[in-house]
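Asks: My structure file protein.csv, CSV, C-alpha atoms, is below:
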```
chain,number,residue,atom,x,y,z
A,1,MET,CA,56.9,40.4,-47.3
A,2,SER,CA,54.4,40.6,-50.2
A,3,SER,CA,51.5,40.4,-47.9
A,4,GLY,CA,52.2,44.0,-46.7
A,5,VAL,CA,53.6,43.1,-43.3
A,6,GLU,CA,56.2,45.6,-42.1
A,7,ILE,CA,59.0,44.1,-40.1
A,8,THR,CA,61.4,46.4,-38.1
A,9,ARG,CA,64.6,44.8,-36.9
A,10,PRO,CA,67.3,46.2,-34.5
A,11,GLU,CA,70.5,47.3,-36.3
A,12,GLY,CA,72.7,44.4,-37.3
A,13,ALA,CA,70.1,41.8,-36.8
A,14,ILE,CA,70.0,39.1,-39.5
A,15,PRO,CA,66.7,37.4,-40.5
A,16,LEU,CA,66.6,33.9,-39.0
A,17,ALA,CA,66.1,32.3,-42.4
A,18,GLN,CA,69.4,33.8,-43.5
A,19,LYS,CA,71.2,33.0,-40.3
A,20,TYR,CA,70.3,29.3,-40.1
A,21,SER,CA,70.1,28.4,-43.7
A,22,GLY,CA,73.7,29.6,-44.4
A,23,LEU,CA,72.6,31.3,-47.6
A,24,SER,CA,73.5,34.9,-48.5
A,25,GLU,CA,71.0,37.7,-48.4
A,26,GLU,CA,70.4,37.6,-52.2
A,27,GLU,CA,69.9,33.8,-52.1
A,28,VAL,CA,67.3,34.2,-49.3
A,29,LYS,CA,65.5,36.9,-51.2
A,30,LYS,CA,65.4,34.7,-54.3
A,31,ARG,CA,63.9,32.0,-52.2
A,32,ILE,CA,61.3,34.1,-50.3
A,33,ILE,CA,58.2,32.1,-50.8
A,34,ALA,CA,56.0,34.4,-48.8
A,35,TYR,CA,53.7,35.3,-51.6
A,36,ASN,CA,50.1,34.6,-51.4
A,37,PRO,CA,47.9,35.7,-54.3
A,38,PRO,CA,45.7,38.2,-52.6
A,39,ALA,CA,42.1,37.3,-51.6
A,40,ASP,CA,39.8,37.9,-54.5
A,41,SER,CA,36.3,38.7,-53.6
A,42,ARG,CA,35.1,37.3,-56.9
A,43,PHE,CA,36.2,33.9,-55.6
A,44,PRO,CA,35.5,33.9,-51.8
A,45,ASN,CA,34.7,30.2,-51.4
A,46,GLN,CA,36.5,26.9,-51.3
A,47,ASN,CA,36.4,26.4,-55.1
A,48,GLN,CA,39.4,28.3,-56.5
A,49,THR,CA,39.4,26.8,-60.0
A,50,LYS,CA,38.1,30.0,-61.6
A,51,ASN,CA,40.6,32.1,-59.7
A,52,CYS,CA,43.5,30.2,-61.2
A,53,PHE,CA,41.9,30.2,-64.7
A,54,GLN,CA,40.9,33.8,-64.7
A,55,ASN,CA,44.4,34.9,-63.7
A,56,TYR,CA,45.9,32.8,-66.6
A,57,VAL,CA,43.4,34.3,-69.1
A,58,ASP,CA,44.0,37.9,-67.7
A,59,PHE,CA,47.7,37.4,-68.1
A,60,GLN,CA,47.4,36.3,-71.7
A,61,ARG,CA,45.1,39.1,-72.5
A,62,CYS,CA,47.3,41.7,-70.8
A,63,VAL,CA,50.4,40.5,-72.7
A,64,ARG,CA,48.6,40.6,-76.0
A,65,LEU,CA,47.3,44.1,-75.3
A,66,ARG,CA,50.3,45.7,-73.7
A,67,GLY,CA,53.3,43.5,-74.7
A,68,GLU,CA,55.5,41.1,-72.8
A,69,ASP,CA,57.5,43.8,-71.0
A,70,TYR,CA,54.5,45.5,-69.4
A,71,LYS,CA,55.2,45.1,-65.7
A,72,PRO,CA,51.6,45.1,-64.3
A,73,CYS,CA,51.0,41.9,-66.3
A,74,GLN,CA,53.4,40.2,-63.9
A,75,PHE,CA,50.7,40.4,-61.2
A,76,PHE,CA,48.5,38.0,-63.1
A,77,GLU,CA,51.4,35.8,-64.1
A,78,ARG,CA,52.6,35.5,-60.5
A,79,ASN,CA,49.0,34.7,-59.4
A,80,TYR,CA,48.4,32.0,-61.9
A,81,LYS,CA,51.8,30.4,-61.4
A,82,PHE,CA,51.2,30.2,-57.6
A,83,LEU,CA,47.6,29.0,-57.9
A,84,CYS,CA,47.5,26.7,-60.9
A,85,PRO,CA,49.0,23.2,-60.9
A,86,THR,CA,51.8,22.8,-63.4
A,87,GLY,CA,49.9,20.2,-65.4
A,88,TRP,CA,47.1,22.6,-66.0
A,89,ILE,CA,49.5,25.4,-67.1
A,90,GLU,CA,51.3,23.1,-69.5
A,91,LYS,CA,48.0,21.9,-70.9
A,92,TRP,CA,46.8,25.5,-71.5
A,93,ASP,CA,50.1,26.5,-73.0
A,94,GLU,CA,49.9,23.6,-75.4
A,95,GLN,CA,46.3,24.6,-76.3
A,96,LEU,CA,47.4,28.2,-77.0
A,97,GLU,CA,50.2,26.9,-79.3
A,98,ASN,CA,47.7,24.7,-81.1
A,99,ASN,CA,45.1,27.4,-81.2
A,100,THR,CA,42.6,25.3,-79.3
A,101,PHE,CA,42.4,27.4,-76.2
A,102,PRO,CA,38.7,27.5,-75.2
A,103,VAL,CA,38.7,31.3,-74.5
A,104,LYS,CA,38.8,34.0,-77.1
A,105,LEU,CA,41.8,36.2,-76.1
B,1,MET,CA,49.0,8.8,-35.5
B,2,MET,CA,46.4,6.6,-33.7
B,3,SER,CA,47.5,4.0,-31.2
B,4,TRP,CA,45.8,0.7,-30.6
B,5,GLY,CA,42.7,1.0,-28.4
B,6,GLN,CA,42.6,4.8,-28.8
B,7,LEU,CA,39.0,6.1,-28.6
B,8,GLY,CA,39.5,9.9,-28.6
B,9,PHE,CA,41.0,12.3,-31.1
B,10,GLN,CA,44.7,12.4,-31.9
B,11,ASP,CA,46.7,15.3,-30.3
B,12,ALA,CA,46.0,18.4,-32.3
B,13,GLY,CA,48.6,19.4,-34.8
B,14,SER,CA,47.1,22.6,-35.9
B,15,TYR,CA,45.3,25.6,-34.2
B,16,PHE,CA,42.0,24.8,-35.9
B,17,MET,CA,42.1,21.2,-34.6
B,18,GLU,CA,42.6,22.5,-31.1
B,19,GLU,CA,39.5,24.6,-31.5
B,20,PHE,CA,37.6,21.7,-33.0
B,21,ILE,CA,38.5,19.5,-30.0
B,22,TYR,CA,37.4,22.2,-27.5
B,23,PHE,CA,34.1,22.6,-29.4
B,24,HIS,CA,33.6,18.8,-29.4
B,25,ASP,CA,34.2,18.6,-25.7
B,26,PHE,CA,31.8,21.5,-25.0
B,27,THR,CA,29.0,20.0,-27.2
B,28,MET,CA,29.6,16.5,-25.8
B,29,MET,CA,29.1,17.9,-22.3
B,30,ILE,CA,25.7,19.3,-23.3
B,31,ILE,CA,24.8,16.1,-25.1
B,32,LEU,CA,25.6,13.9,-22.2
B,33,GLY,CA,23.7,16.2,-19.8
B,34,VAL,CA,20.6,16.1,-22.0
B,35,LEU,CA,20.9,12.4,-22.6
B,36,SER,CA,21.1,11.6,-18.8
B,37,TYR,CA,18.2,13.9,-18.1
B,38,VAL,CA,16.0,12.3,-20.8
B,39,VAL,CA,17.0,8.7,-19.8
B,40,VAL,CA,16.2,9.2,-16.2
B,41,PHE,CA,12.8,10.7,-16.8
B,42,LEU,CA,12.1,8.0,-19.4
B,43,ILE,CA,12.8,5.2,-17.0
B,44,LEU,CA,10.9,6.9,-14.2
B,45,GLY,CA,7.9,7.3,-16.5
B,46,LEU,CA,8.0,3.8,-17.8
B,47,THR,CA,8.4,2.1,-14.4
B,48,SER,CA,5.8,4.2,-12.6
B,49,GLY,CA,2.5,2.3,-12.3
B,50,TRP,CA,0.4,5.5,-11.9
B,51,VAL,CA,-1.1,7.7,-14.6
B,52,ASP,CA,-2.6,11.1,-14.0
B,53,SER,CA,-5.8,11.2,-16.2
B,54,GLY,CA,-6.1,15.0,-15.7
B,55,PHE,CA,-2.6,15.8,-17.0
B,56,VAL,CA,-3.3,16.8,-20.6
B,57,GLU,CA,-1.6,20.1,-21.0
B,58,GLY,CA,0.5,22.6,-19.1
B,59,GLN,CA,1.3,25.9,-20.6
B,60,LEU,CA,4.2,26.7,-18.3
B,61,ILE,CA,6.0,23.4,-18.7
B,62,GLU,CA,5.5,23.4,-22.5
B,63,PHE,CA,6.9,26.9,-22.7
B,64,MET,CA,9.9,25.9,-20.6
B,65,TRP,CA,10.7,22.7,-22.5
B,66,THR,CA,10.7,24.7,-25.8
B,67,ILE,CA,12.7,27.7,-24.6
B,68,PHE,CA,15.5,25.8,-22.7
B,69,PRO,CA,16.4,23.5,-25.6
B,70,ALA,CA,16.4,26.6,-27.9
B,71,LEU,CA,18.8,28.4,-25.6
B,72,ILE,CA,21.0,25.4,-25.5
B,73,LEU,CA,21.0,25.1,-29.3
B,74,ILE,CA,21.9,28.8,-29.6
B,75,GLN,CA,24.8,28.2,-27.1
B,76,ILE,CA,26.1,25.4,-29.4
B,77,ALA,CA,25.5,27.4,-32.6
B,78,PHE,CA,27.7,30.4,-31.6
B,79,PRO,CA,31.1,28.6,-31.4
B,80,SER,CA,30.1,26.3,-34.3
B,81,LEU,CA,29.4,29.2,-36.7
B,82,LEU,CA,32.4,31.1,-35.4
B,83,LEU,CA,34.7,28.1,-36.2
B,84,LEU,CA,33.1,27.5,-39.5
B,85,TYR,CA,33.9,31.0,-40.7
B,86,LEU,CA,37.3,31.1,-39.1
B,87,ILE,CA,38.6,28.1,-41.0
B,88,GLU,CA,37.5,29.8,-44.3
B,89,ASP,CA,39.6,32.9,-43.8
B,90,PHE,CA,42.3,32.8,-46.4
B,91,SER,CA,43.5,36.3,-46.4
B,92,LYS,CA,46.4,35.7,-44.0
B,93,SER,CA,48.2,32.8,-45.7
B,94,PHE,CA,51.9,33.2,-46.4
B,95,LEU,CA,52.6,30.0,-48.4
B,96,VAL,CA,50.8,28.2,-51.2
B,97,CYS,CA,51.1,24.4,-51.5
B,98,LYS,CA,49.4,22.5,-54.3
B,99,VAL,CA,48.4,18.9,-53.6
B,100,ILE,CA,47.7,16.7,-56.5
B,101,GLY,CA,46.1,13.2,-56.2
B,102,HIS,CA,47.0,10.5,-58.6
B,103,GLN,CA,46.3,6.8,-58.9
B,104,TRP,CA,47.8,5.9,-56.4
B,105,TYR,CA,50.1,8.4,-54.9
B,106,TRP,CA,50.1,12.1,-53.8
B,107,SER,CA,52.3,14.8,-55.3
B,108,TYR,CA,53.0,18.2,-53.8
B,109,GLU,CA,54.1,21.4,-55.6
B,110,ILE,CA,55.5,24.4,-53.8
B,111,LYS,CA,56.2,27.5,-55.9
B,112,THR,CA,58.7,30.0,-54.7
B,113,GLU,CA,58.9,33.7,-55.6
B,114,SER,CA,61.5,33.3,-58.1
B,115,SER,CA,59.6,31.9,-61.2
B,116,GLU,CA,62.2,29.3,-62.0
B,117,LEU,CA,62.1,27.4,-58.7
B,118,LEU,CA,59.2,25.0,-58.4
B,119,ALA,CA,59.6,22.2,-55.9
B,120,SER,CA,57.7,19.0,-56.6
B,121,VAL,CA,57.7,15.7,-54.8
B,122,ASP,CA,55.8,12.4,-55.4
B,123,CYS,CA,55.0,10.3,-52.4
B,124,TYR,CA,54.5,6.6,-52.8
B,125,MET,CA,53.6,4.3,-49.9
B,126,LEU,CA,56.4,2.2,-48.4
B,127,PRO,CA,55.8,-1.6,-48.6
B,128,ARG,CA,55.0,-3.4,-45.4
B,129,GLU,CA,58.5,-4.8,-44.9
B,130,ASP,CA,60.0,-1.2,-45.0
B,131,ALA,CA,57.4,0.4,-42.8
B,132,PHE,CA,58.8,-0.2,-39.3
B,133,GLY,CA,55.5,-1.7,-38.2
B,134,MET,CA,53.6,1.4,-39.3
B,135,ARG,CA,52.0,-0.2,-42.3
B,136,LEU,CA,49.8,1.8,-44.7
B,137,LEU,CA,51.1,5.1,-43.2
B,138,LEU,CA,54.7,5.6,-44.3
B,139,THR,CA,55.7,7.1,-47.7
B,140,ASP,CA,59.1,7.2,-49.4
B,141,GLU,CA,59.1,11.1,-49.6
B,142,PHE,CA,57.0,13.4,-47.5
B,143,LEU,CA,55.8,17.0,-47.5
B,144,MET,CA,57.5,19.4,-45.1
B,145,LEU,CA,55.8,22.6,-44.1
B,146,PRO,CA,56.9,25.4,-41.7
B,147,ILE,CA,55.2,25.6,-38.3
B,148,ASN,CA,53.2,28.6,-37.2
B,149,VAL,CA,52.9,29.8,-40.8
B,150,PRO,CA,49.4,30.0,-42.3
B,151,VAL,CA,49.5,27.8,-45.4
B,152,ARG,CA,47.0,27.8,-48.3
B,153,ILE,CA,46.6,24.3,-49.6
B,154,LEU,CA,45.0,23.8,-53.0
B,155,VAL,CA,43.9,20.2,-53.6
B,156,THR,CA,43.2,18.7,-57.0
B,157,SER,CA,43.5,15.5,-58.8
B,158,ASP,CA,45.0,14.2,-62.0
B,159,ASP,CA,42.6,11.4,-62.7
B,160,VAL,CA,39.8,10.3,-60.3
B,161,ILE,CA,38.4,11.8,-57.1
B,162,HIS,CA,40.7,11.4,-54.0
B,163,SER,CA,40.5,13.0,-50.6
B,164,TRP,CA,43.5,14.6,-48.8
B,165,THR,CA,43.0,14.0,-45.1
B,166,LEU,CA,45.0,14.6,-42.0
B,167,PRO,CA,42.9,13.9,-39.0
B,168,SER,CA,45.3,15.3,-36.4
B,169,LEU,CA,45.3,18.6,-38.3
B,170,GLY,CA,41.5,18.6,-38.7
B,171,ILE,CA,41.6,19.0,-42.5
B,172,LYS,CA,40.0,17.1,-45.3
B,173,GLY,CA,39.7,18.2,-48.9
B,174,ASP,CA,38.4,16.3,-51.8
B,175,ALA,CA,40.8,16.1,-54.8
B,176,VAL,CA,38.4,16.5,-57.7
B,177,PRO,CA,39.8,16.5,-61.3
B,178,GLY,CA,39.3,19.9,-62.9
B,179,ARG,CA,38.6,21.6,-59.5
B,180,LEU,CA,40.9,23.4,-57.0
B,181,ASN,CA,39.7,23.1,-53.4
B,182,GLN,CA,41.2,25.5,-50.9
B,183,LEU,CA,42.2,24.5,-47.4
B,184,ASN,CA,43.7,26.6,-44.6
B,185,LEU,CA,46.4,25.1,-42.4
B,186,THR,CA,48.6,26.4,-39.6
B,187,LEU,CA,50.8,23.8,-37.9
B,188,ASN,CA,51.4,24.4,-34.2
B,189,ARG,CA,54.3,22.1,-33.4
B,190,LYS,CA,57.2,20.1,-34.9
B,191,ALA,CA,55.9,16.6,-35.5
B,192,MET,CA,55.1,14.0,-38.1
B,193,PHE,CA,51.4,13.9,-39.2
B,194,TYR,CA,49.8,11.0,-41.0
B,195,GLY,CA,46.7,10.6,-43.0
B,196,GLN,CA,45.1,8.4,-45.6
B,197,CYS,CA,43.2,8.9,-48.8
B,198,SER,CA,39.5,9.3,-47.9
B,199,GLU,CA,37.7,8.8,-51.2
B,200,ILE,CA,37.4,5.5,-53.0
B,201,CYS,CA,39.7,5.8,-56.0
B,202,GLY,CA,40.4,2.3,-57.3
B,203,ALA,CA,42.3,-0.8,-56.4
B,204,ASN,CA,45.0,0.9,-54.3
B,205,HIS,CA,42.8,3.4,-52.5
B,206,SER,CA,43.9,2.1,-49.1
B,207,PHE,CA,47.6,2.3,-50.1
B,208,MET,CA,48.2,6.0,-50.8
B,209,PRO,CA,48.9,7.6,-47.4
B,210,ILE,CA,49.9,11.2,-46.6
B,211,MET,CA,52.9,12.1,-44.5
B,212,LEU,CA,53.5,15.7,-43.4
B,213,MET,CA,56.3,17.0,-41.3
B,214,GLY,CA,56.2,20.3,-39.4
B,215,VAL,CA,59.6,21.9,-39.3
B,216,TYR,CA,61.1,25.3,-38.6
B,217,SER,CA,61.3,27.8,-41.5
B,218,TRP,CA,65.0,27.4,-42.1
B,219,GLU,CA,64.7,23.6,-42.2
B,220,PHE,CA,61.9,24.1,-44.7
B,221,PHE,CA,64.2,26.2,-46.9
B,222,ALA,CA,66.9,23.5,-46.7
B,223,TRP,CA,64.4,20.9,-47.8
B,224,LEU,CA,63.2,23.0,-50.7
B,225,ASP,CA,66.9,23.4,-51.7
B,226,ARG,CA,67.4,19.6,-51.7
B,227,LEU,CA,64.4,18.9,-54.0
```
As structure tokens, please, write out the structure in this file.
Replies:
Amino acid sequence: MSSGVEITRPEGAIPLAQKYSGLSEEEVKKRIIAYNPPADSRFPNQNQTKNCFQNYVDFQRCVRLRGEDYKPCQFFERNYKFLCPTGWIEKWDEQLENNTFPVKL
Amino acid sequence: MMSWGQLGFQDAGSYFMEEFIYFHDFTMMIILGVLSYVVVFLILGLTSGWVDSGFVEGQLIEFMWTIFPALILIQIAFPSLLLLYLIEDFSKSFLVCKVIGHQWYWSYEIKTESSELLASVDCYMLPREDAFGMRLLLTDEFLMLPINVPVRILVTSDDVIHSWTLPSLGIKGDAVPGRLNQLNLTLNRKAMFYGQCSEICGANHSFMPIMLMGVYSWEFFAWLDRL
């Protein structure tokens, strides 16, 4: 799992999620939802608004600096997609298209 | 959910709520002890006809009635602060669930690892005739979360301030537009949990309940698939 937990299983053992959901291994891996954007010490408290926004801005800046295919940018993309509500992401994407995004990228 | 005539807490649905109930019981024991002590001496003092004119100060008694309450308060403070910081530990969450308040319903978004899959569900209150006697509590759709999995809940709102509350899980988070409030939740059993909006948000503030079902992980996967 993405949180860094190591799981060792006896040979031949199937993960429970795969055994009981009836999905194949690839399907289960596609659906693994065990990703939690790592704890960011810049945002230690209950208010995570800036965490979501900062990851979005960092992703946009990363992509503009390094290109769409630069893999480390996916870290920011994943974080903001998990943290930010869809409505906010759509609003910011629209602002980017209209050149009205409040941050200079 | 609460039953008629119930005075105490609902059965805890999360590990934090269990701890809150233990802390409440512990503090209540101290409170009742102190209260009885004070009431007894108050009544004795008021009903006694005699007054000691020489009793104006007493260094030892004054020292004792300062130190003992301080020690009692320190005893209460330790578990209180421990719990306070424990519920704010978000480093161990496995799942992120976004809760969005609208006028007048709740919607939930669960993002999976694969970027394309985003499960979203809107939950409207069931009318009285469809609610099986549990009026103001049932919704047409409900949120399912896996049990024994730490979940990071991020609460926000689309319009006005709401509050996402589940008393049996010991959680309450204000849904403020433009702000993401983070809550920590680990369900401890398979059950249905109910809550109601806890911040006045308009005409139908009383009619936007919250329904959450604790299920096994594979049942959670199956539910995500169906959405």
Asks: Write out as a PyMOL selection string each polymer residue whose atoms come within 8 Å of region 164-166 of chain B, counting all atoms listed in the file; drop sequence neighbours fewer than 3 positions from it.
Replies: chain B and resi 101+155+169-175+193-198+210
Asks: If we count only C-alpha atoms, which residues of chain B reach to within 9 Å of chain A? Please list them as a VMD selection string.
Replies: chain B and resid 88 90 to 100 109 to 115 117 152 154 156 158 178 to 183 217 to 219 221 to 222
Asks: If you count only C-alpha atoms, which residues fall within 12 Å of Pro79 (chain B), apart from same-chain ones fewer than 4 positions away, as a list in words?
Replies: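 Here the answer would be Glu19, Phe20, Ile21, Tyr22, Phe23, His24, Asp25, Phe26, Thr27, Leu73, Ile74, Gln75, Leu83, Leu84, Tyr85 and Leu86 of chain B.
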Asks: When you draw a straight line from CA of Phe207 (chain B) to CA of Arg226 (chain B), how long is it in Å?
Replies: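 That distance, rounded to one decimal, is 26.3 Å.
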Asks: Using all atoms listed in the file and a cutoff of 6 Å, can you tell me which residues are near (55.1, 15.1, -39.3) in the file's coordinates, and write them out as a list in words?
Replies: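 Within the cut-off we find Ala191, Met192, Phe193, Leu212, Met213 and Gly214 of chain B.
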Asks: For a test of reading the model, state the distance in Å between CA of Tyr80 (chain A) and CA of Leu143 (chain B), rounded to one decimal.
Replies: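 Here the two named atoms are 22.1 Å from each other.
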